[in-house]
Structures are given as structure tokens and as C-alpha cells.
Amino acid sequence: MVRTSLLAAGFLAALATFPALAQAPAPAPVPGWAVGRPEGSTLAPHAPRLTVTPPDQVPVGALRLPPGFQAEIYAHGIPGARMMAEGPNGTIFAGSRAIGRVYAVRRNADGTTRTSIVAQGLAQPNGLVMVGNSLFVIAVNRVLRYDNIEANLDNIPAPVELTAAFGLPTEQEHAGNHHWKFASLGPDGRIYTNVGVNCNVCETDRDKFALLVSFNPDGSDRRIEARGVRNSVGMAHHPVTRELWATNNGRDWAGNDWPNDTLHRIRRSGEDHGFPYCSAGSADPQFNAGRACSEFVQPAALLGPHTAALGMRFYTGTMFPEQYRNQIFIARRGSWNRERLSGFDVAVAHLDAQGNVTRVEEFMTGLRDDANQRFLGRPVDVQVARDGALLVADEQMGAIYRITYRQ
Amino acid sequence: MLLRLLAAALLAAAVPEMARAADAARGADLAAHRCVNCHGDNGRSQVPGVPSLAGQPADFITVQMILLREGIRHAPAMNPFAQGLPDRDIEDLAAFFASLPPGPPDDRTPKDEALFAAGQALTGPRHCATCHVADYGGRAQIPRVAAQREDYLVQAMIGYRDGTRAGVDTQMNSAVIGLSNAHIAALAHFLAHLD
């Protein structure tokens, strides 16, 4: 009661300080994510699922694959599981966003798996990478290293704190936009990650945001690998050419079909890929600033509008047919910023001998229900296991599928 | 072929419905001992700073309970009551509170037309009703904010704005970015007086 009347007094005081408020409220800036949003749009974010999905509800039976491929459930009961990394002894680690956990999936002697929690209570621990026997976890403005992790899964020791050494921008600097990370180990032993843009689309500090960056594993020697990449949540180095490739999420609120999400090939460190001036190779309707898109590196492939192309890996195994060798598997989670759903699948980008993308085709479908405009799951990452199977993390179902090939 | 048929059958069966329907009666039992002394017997809180839960979408309650349990959402008064709760209890509690008819607290402040109008005017450019639905009754993970306690609405929006409250995603943090305390007070007054 006391508190209520104090609050009421606060309102009055506030009104006195802002006499205009009672008439016409002072215009407040538009939220970053809503820049460019058209009047009348009714789109709203999809609901996540953060509770355990019983295995009989995981929609593995709905998955469709090319002939000869089968899918099974590899792990379940790991709500929000996202980006994966494999330890030298075969443990699969999976990060998350909202639920703040890092999971470990171990294989039992009989081929089944068991899961456990490596870390919890972290702010969006989405970036995972193994460097030797150490698991690096990159959360929002937080970098942790778990040494000798696979030997300590039943009694996780305190991690080494590397946050200050990496010095990533804070959540506040990102203004709450695109601050979660993807992480990958380069053939040069450096850790590669993304720094997403601090808005949907805006003029920004192009040395600080919308970047791919790399570091020594101790956090030293930050290097800009690519500029003008809006938000990449997937990257990998080509196993032969050693070039860095990355997926990118295009801006929102410029229509259902523009821009496409994109795949990027980074031939030289520091190249400019054009955001916010250009997206998917063409001029931004609001932020082009008179720049010619030919000034910038063109995307290597278009991945569909609002598909939310996230985790990607080159197929380096031998289980799948020859035609998949060194081709790129890409998880497309699907976004909420389009009137009709797109993505919610896994695609393959086929490359020719010169490393040019010749075509992008669907590989794992069945989770998007076009007739009813709903989805059964959301693939967020792919991982090529040491036996050549392809693992696919489904964040919505808290499960990992295992895709194998038999003649 | 078999696989295809099987896949088609499963797709037709449609997945997202939960196999085990959440049990509101069990939720009511759990709530009686642990929740209603703060959140109100009928789910309408009479305590400043404690939100009403009556008529909240079950998904919203579930998701917030998980965030509170995991310590992702910091709320010292509430975290202990979520700690260690199994998913099943959370889903049943959510079904119970979702089933109660929503309504304002008994001590709702009188409506100030000017403040109400000022708050309403702020909602358009920020698309509040797009997500929270035209009657502000919420949907799925997006909460009902109509007739919520005004004091609680103020503290919730300040939490998002100042980065002390994290949600499943960051849309709410951005939705209130740049709002002054006076803007937030007006918004809260507007929402609290919707019926």
C-alpha cells in the first residue's frame, strides 16, 4: 500500500517534470530490432520450448532425407540445445541460448547416449569450440575455458576465466541485439567468432560490430577477418583451401523476400562484405548511403529469405556418398520475420573444384508444415561426427538427430 | 517407401501437442502450499511487487519458471520457489494459473485519463499490441499485461530497459529501449487499467 502510493506520487512528479507528456508523449527512439518495420505487420516471435520433450514426441519420424539416408534420435532431454562441438574422445557438447546451459552427450557401450550438464546459469552460452582437450564456452561477453574436460565430466572443475582477455563488446554496447556467439577453430589454431550488429539495420561502428574476428586462444591478437557481415552464427574453414566460410542472417523488415540470408567466402582477412550498405548483393533501401554494391565482396550463395541460416560444417567424413565430400551442410532454423515460414530444414551448398557454389539444395526437410504454417522443430547446428554421421541439433525439441547413410 | 509412409502418417498426427496433458488440478495442489500466499488465492496478487498470474498463457508461466529456476532471470524474492522444480510440476502449475480468470487487484489505483492516454500513445510506434495481442491478453510465451499490477509493470519494464531482466530473447529489452521513467509510468498506468 505504502509502495503503491509512493509510486503514484512518482507518476505525478514525472508528469510535472515532463508537462508535455500528458498531451503528446515525447517521441522515444524506435527499438533497434524494429527499425524499418512496416505499419500493420502482425508478426510476433515464435514460442520456444524450454522443458524436456519426451522422446516419443521428438518428430524424427517426420524427417525426410534423400534416398539411402536415415535419421534417428542421438540425444534427447536437452532443452534448447544449439551449437555443437566434439571432444577428442567423442563427447558431443551442445550450447544453448535462453536456458543458459552447456550439455555433454556421451556414448554408452551399447550405442545409446547419456547426457549431463557441464555449465548452467550462463548468459546465452552459444559459442562452443574445442582446442585440444579444452572446451571453450563463449557466452555474452564471457569466455570460459574448461581444461581437460572429457576427463572431468562427472566433476566439472571451475573454468579459466578469459573474458577480459577477449574483451568482446558487452550486451549494453550491443543494445541487446545479436550479442550471442558462434565459435570455430581455424587451421591456424586461432578461435574464430562473430560480433553481430547492434541493431536490425543502422549506421554503426564498422570496426566494432558486424564482423567476423579471430583471436589467439588466450584472447590476444584480435584480427578482423571480415567486415560488413551482419550476424553470422555459423562458420567453418574449407578442409582443402583453408578459406573461411560463414553463414549470415540478413536484416529484417525489408519485405518477405528481401534480402536473402547468405553464405560468405572470405578469401583474405579484412574483406568488406557490405552491410549495412548492401545485403545479398543489392542496395539497402534505407542505408545504402550512395555506395555501389560492386565495391564489396559478393555473397558466395543466397540461402533464402528469413531462413535464419545458422550452423554450418564442411562434410569431411567418408560415410556419405562421394558427392557430399567437402560440401557445406547448413542448418536453417527459420525466423519469425516473414509472413510464410521459410527454412526449418538442413540444406547443402555444393561447391565446384574452384570453390564456387554451384547450387543449394534441401537435404533434411519435414519439420516445416506449409499447409498449416507451423513447424515441428528448429534445426540450429550440424556437426560431422568422427564416424561420418551428421548430427543435427533441434533447439525446439531439445534433441540431436543422427543421420547416417547405407547403400 | 515405408519410411515415406511412416513420415506422412506422423506428420498427419501433428506433433506439438503434448503427449502428457498438463494437469491443472495437480497444479492447484502444488500452488496451494507454495505459491498463492504471494500470488493470490485466485491468482490475482494483492501484494505490491508480486505479479498476478491468473489467465497468463501457460507457455509464458512455464518459460518464466524455467528462467527463474535456472537463475537466468534474477528475482531474489521468487528464485527460491522455482529452484529444483521438475519440468512436470512447472507445467502443471502453469496449467492451473492459466485456467484462472484474470482481473485487476483489489487495490487498483483510480484511473487517470491523461496518464492512460499518454501511455496508450506510446504503444503504437513500439508495436506493443502486435506481440501482446490487441486486448493485451498475451499469447503463448508473450504475457498478459492487461490489468496486471501497476507497480509490478513499472518494475518489469525498468528491468528490461536497464538490462537487469533477461527474457528468452531480447525483443522486450529492445521494445523499451530509450524510454524514460515517465514513459514507463504512463505505459504501466495504461496497461493496468485495461480490462
# chains A, B, ... in the order shown; residues from 1 in each chain; ligands from 1

$ select_by_dssp --residues "range 4-193 of chain B" --states "helix (DSSP H, G or I)" --output "MDAnalysis selection string"
chainID B and resid 4:13 24:34 36:39 58:69 79:82 87:99 113:123 128:132 150:161 171:175 181:192

$ residues_around --residues "Pro57 in chain B" --least-positions-apart "3" --cutoff "8 Å" --atoms "only C-alpha atoms" --output "PyMOL selection string"
chain B and resi 60-61+94+98+138-144

$ residues_around --residues "Phe275 in chain A" --least-positions-apart "5" --cutoff "8 Å" --atoms "only C-alpha atoms" --output "PyMOL selection string"
chain A and resi 210+227-230

$ residues_around --residues "Gly55 in chain B" --least-positions-apart "5" --cutoff "6 Å" --atoms "only C-alpha atoms" --output "ChimeraX atom specification"
/B:98,100-102

$ write_last_selection --atoms "C-alpha atoms" --output "short mmCIF file (atom, residue, chain, number, x, y, z; two decimals), in the first residue's frame"
data_model
loop_
_atom_site.label_atom_id
_atom_site.label_comp_id
_atom_site.auth_asym_id
_atom_site.auth_seq_id
_atom_site.Cartn_x
_atom_site.Cartn_y
_atom_site.Cartn_z
CA ALA B 98 -3.63 -20.23 -16.86
CA LEU B 100 -7.98 -18.88 -13.57
CA PRO B 101 -9.98 -15.87 -14.81
CA PRO B 102 -7.78 -12.76 -14.99
#

$ residues_around --residues "Tyr405 in chain A" --least-positions-apart "6" --cutoff "12 Å" --atoms "only C-alpha atoms" --output "JSON, numbers by chain"
{"A": [65, 66, 67, 68, 69, 70, 71, 72, 317, 318, 319, 320, 321, 322, 324, 387, 388, 389, 390]}

$ closest_residue --among "B:Ser174, B:Ser99, B:Gln46, B:Thr164" --to "chain A" --atoms "only C-alpha atoms"
B:Ser174

$ residues_around --residues "range 337-344 of chain A" --least-positions-apart "2" --cutoff "6 Å" --atoms "only C-alpha atoms" --output "number ranges by chain"
A: 256, 307, 332-335, 368, 378

$ closest_residue --among "A:Val380, A:Leu367, A:Ile224, A:Val131" --to "chain B" --atoms "only C-alpha atoms"
A:Leu367

$ closest_atom_pairs --of "range 266-349 of chain A" --to "range 74-94 of chain A" --cutoff "12 Å" --atoms "only C-alpha atoms" --output "tab-separated table"
residue	atom	partner	partner_atom	distance
A:Leu310	CA	A:Met83	CA	9.1
A:Gly311	CA	A:Met83	CA	7.0
A:Met312	CA	A:Met83	CA	9.9
A:Arg313	CA	A:Met84	CA	10.7
A:Ala331	CA	A:Met83	CA	10.4
A:Arg333	CA	A:Arg82	CA	10.4

$ closest_residue --among "A:Gly186, A:Gly127, A:Gly274, A:Gly366" --to "chain B" --atoms "only C-alpha atoms"
A:Gly366
